[in-house]
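*Asks:* One structure, as structure tokens, below. Some questions next.
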Amino acid sequence: MRRLSLVVVLFVLAVPHLAFGQAQTAPPKPGPEVQQLAAWQGTWQCAGESKTGTQTKSEFSLACEWAAGGFFLVCRSASKTGEWTGIWGYNPEAKAYFGFRYYSDGWTDFPKGWLNGKTWTFVFEDEHRGGKAQRRQVTQVLESPTVLTFQWDRSVEGAPWTTTAVGKCSKAK
């Protein structure tokens, strides 16, 4: 019995040393697709104009920063009509960017996107607002590291795409 107790005590004392004595592997690093999201990092001031008949103008801010580990970008947007927070990343299996956004009014969406040169396109599938199925798409062009333009389009219940808003953002810092 005494011998068993001694073995148990030695084992308990040795395990932490064995674990720390093993070679430590470096944490994974984000791939080049994830690093493309760095274009959004910083604070942006944006202005847009509705194209849905009322021709209303809107202004909003967008602030994006890396989450711990550098695999996801966290963005927050605020305007007079509400706020949203989003998490953006890249799915290498789908070869597509993805997002999850939640809004101050309780709404959520899950965009999927692609980058082609300086043009980012995100599609929002199968949404039901006002009892009607719709698809939305935003096309954003990075004109320079500090300027981007955007265009929102929508298709309601399979109808042709219509432009609902256009605008421009400038990077503040």
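Residue numbers start at 1 in each chain; chains themselves are named A, B, ... in the order of the structure tokens; ligands are numbered from 1 in the order shown.
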As a ChimeraX atom specification, which residues of chain A does DSSP assign to strand (DSSP E)?
*Replies:* /A:42-50,57-66,73-79,82-91,96-103,108-109,112-116,119-129,132-144,147-156,162-171
*Asks:* Would you list, as a list in words, the residues of chain A that end up in helix (DSSP H, G or I) under DSSP run on this structure's backbone?
*Replies:*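 The helix (DSSP H, G or I) subset of chain A is Arg2, Arg3, Leu4, Ser5, Leu6, Val7, Val8, Val9, Leu10, Phe11, Val12, Leu13, Ala14, Val15, Pro16, His17, Leu18, Ala19, Phe20, Gly21, Pro32, Glu33, Val34, Gln35, Gln36, Leu37, Ala38, Ala39 and Trp40 of chain A.
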*Asks:* Have a look at CA of Gly131 (chain A) and CA of Val156 (chain A) and let me know their distance in Å, one decimal.
*Replies:*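 Interatomic distance, CA of Gly131 (chain A) to CA of Val156 (chain A): 10.5 Å.
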*Asks:* For CA of Asp153 (chain A) and CA of Phe60 (chain A), determine how far apart the two atoms are, in Å to one decimal place.
*Replies:*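 Value for the CA of Asp153 (chain A)-CA of Phe60 (chain A) distance: 18.4 Å.
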*Asks:* Have a look at A:Ser155, A:Thr121, A:Ser79, A:Gln35 and name the one nearest to Gln140 (chain A); count only C-alpha atoms.
*Replies:*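 The closest residue to Gln140 (chain A) is A:Thr121.
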*Asks:* Pick out the residues sitting within 7 Å of Gly99 (chain A), and hand them over as a VMD selection string; count only C-alpha atoms, and ignore anything fewer than 4 positions along from it in its own chain.
*Replies:* chain A and resid 86 to 89 110 to 112
*Asks:* I'd like the contact shell of Gly167 (chain A) - 8 Å cut-off, only C-alpha atoms, skipping same-chain residues fewer than 2 positions apart - returned as a ChimeraX atom specification.
*Replies:* /A:46-49,149-151,165,169
*Asks:* For the residues selected in the previous step, produce a file with C-alpha atoms as a CSV table (one decimal), in the first residue's frame.
*Replies:*
```
chain,number,residue,atom,x,y,z
A,46,CYS,CA,-20.3,56.8,-44.6
A,47,ALA,CA,-23.1,58.6,-46.4
A,48,GLY,CA,-25.7,57.0,-48.6
A,49,GLU,CA,-28.8,57.8,-50.6
A,149,THR,CA,-18.2,53.1,-52.7
A,150,PHE,CA,-21.2,50.8,-52.1
A,151,GLN,CA,-24.4,49.8,-53.8
A,165,ALA,CA,-29.1,52.6,-52.1
A,169,CYS,CA,-17.3,55.8,-47.1
```
*Asks:* Near Trp114 (chain A), within 7 Å and counting only C-alpha atoms, which residues show up once chain neighbours fewer than 4 positions away are dropped, as a VMD selection string?
*Replies:* chain A and resid 96 to 97 120 to 122
*Asks:* Can you measure CA of Thr85 (chain A) to CA of Asp109 (chain A) for me? One decimal in Å is fine.
*Replies:*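 Separation of CA of Thr85 (chain A) and CA of Asp109 (chain A): 10.7 Å.
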*Asks:* For Gly113 (chain A), which residue among A:Lys80, A:Lys57, A:Lys95, A:Lys171 is the nearest when counting only C-alpha atoms?
*Replies:*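 Smallest distance to Gly113 (chain A) is found for A:Lys95.
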*Asks:* Could you list, as a compact mmCIF listing (two decimals) with C-alpha atoms, in the first residue's frame, every residue within 9 Å of region 36-38 of chain A, counting only C-alpha atoms and ignoring same-chain residues fewer than 6 positions away?
*Replies:*
```
# COMPACT_ATOMS: atom_id res chain seq x y z
CA CYS A 64 -13.70 47.46 -37.33
CA GLU A 65 -10.97 45.76 -35.32
CA TRP A 66 -9.41 42.31 -35.17
CA PHE A 72 -12.13 37.42 -37.34
CA LEU A 73 -12.88 41.08 -37.80
CA TRP A 88 -16.55 38.63 -40.38
CA GLY A 89 -14.30 35.75 -41.35
CA TYR A 90 -13.30 33.39 -44.15
CA LEU A 115 -13.60 39.31 -53.18
```
*Asks:* Please determine, counting only C-alpha atoms, which residue among A:Thr81, A:Thr52, A:Ser104, A:Gln45 has the shortest atom-to-atom distance to Thr162 (chain A).
*Replies:* A:Thr52
*Asks:* Can you tell me, as a compact mmCIF listing (two decimals) with C-alpha atoms, in the first residue's frame, what residues are no more than 12 Å from Gln134 (chain A) when counting only C-alpha atoms, ignoring any on the same chain fewer than 3 positions away?
*Replies:*
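Final output, part04.txt:
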```txt
# COMPACT_ATOMS: atom_id res chain seq x y z
CA VAL A 123 -25.29 38.23 -50.61
CA PHE A 124 -28.01 37.94 -47.99
CA GLU A 125 -30.19 34.93 -48.90
CA ASP A 126 -33.75 33.96 -48.08
CA GLU A 127 -34.73 36.81 -45.85
CA HIS A 128 -38.35 37.38 -44.95
CA ARG A 129 -39.17 40.95 -44.11
CA GLY A 130 -42.72 42.19 -44.24
CA GLY A 131 -43.91 38.66 -45.04
CA GLN A 137 -26.74 42.15 -52.18
CA ASP A 153 -29.59 45.82 -54.54
CA ARG A 154 -32.69 43.80 -53.69
CA SER A 155 -34.88 41.17 -55.30
CA VAL A 156 -38.30 40.57 -53.73
CA GLU A 157 -39.91 37.19 -54.35
CA GLY A 158 -37.75 36.48 -57.40
CA ALA A 159 -38.37 39.81 -59.15
CA PRO A 160 -35.47 41.48 -61.04
CA TRP A 161 -32.79 43.16 -58.96
CA THR A 162 -33.35 46.83 -58.15
```
